[in-house]
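Notes follow the structure.
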Amino acid sequence: MNGSIWRLSMAAALVFLLFASGQALADNAMSCGQKLVMVGDTKTDVLSKCGPPDYQEMLGVEKTEDTVVKIEQWQYDFGPRNLIRILTFKAGRLATIELGPYGRKTTDR
């Protein structure tokens with residue numbers, strides 16, 4: 001009996017670890033067809049791999065003593081079967097990738 005409880009516990013832990021590692025990848029990368037965009041890529045890299053965003057907004061700036069960093073947000077809508085990807089750029093580099101609601105576009109990219 002103890003062996004089956006141990007196996008069940010190990011299976012649950014494995015499922016949790018697989019889910020957690022998949023979520024970490026979702027937070028740090030996004031695929032555009034066969035191309036992969038990752039946190040740290042430049043806006044030029046993202047444009048060349050994914051094309052122009054479906055929505056683009058300048059969020060503002062972050063000021064420190066000696067620099068001003070522009071913050072910009074792009075959204076990619078991959079259709080109603082996929083979640084919208086929200087990309088935030090700071091100083092021209094991809095800082096975060098977040099998941100939004102399901103897309104609305106009728107044609108997939």
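In the structure tokens, chains take the letters A, B, ... in the order shown, each chain's residues start at 1, and ligands count up from 1 in the order shown.
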Exercise. Could you pull the residues within 7 Å of stretch 57-74 of chain A, counting only C-alpha atoms, minus those fewer than 2 positions along the same chain, as JSON, numbers by chain?
Worked result: {"A": [53, 55, 76, 86, 87, 88, 89, 90, 91]}
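For A:Pro52, the non-local neighbours within 12 Å, defined as residues at least 2 positions apart in the same chain or in other chains and counting only C-alpha atoms, are Cys32, Lys43, Thr44, Asp45, Val46, Leu47, Ser48, Lys49, Cys50, Asp54, Tyr55, Gln56, Trp74, Gln75, Tyr76, Asp77 and Arg109 of chain A.
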Seminar exercise, completed: For A:Gly40, the closest of A:Arg85, A:Gly92, A:Phe78, A:Thr106 counting only C-alpha atoms is A:Gly92
For this session: Excluding A:Ile84 and residues on its chain fewer than 5 positions from it, collect all residues at most 6 Å away from it, counting only C-alpha atoms, and give them as a PyMOL selection string.
Result: chain A and resi 76-77+99-103
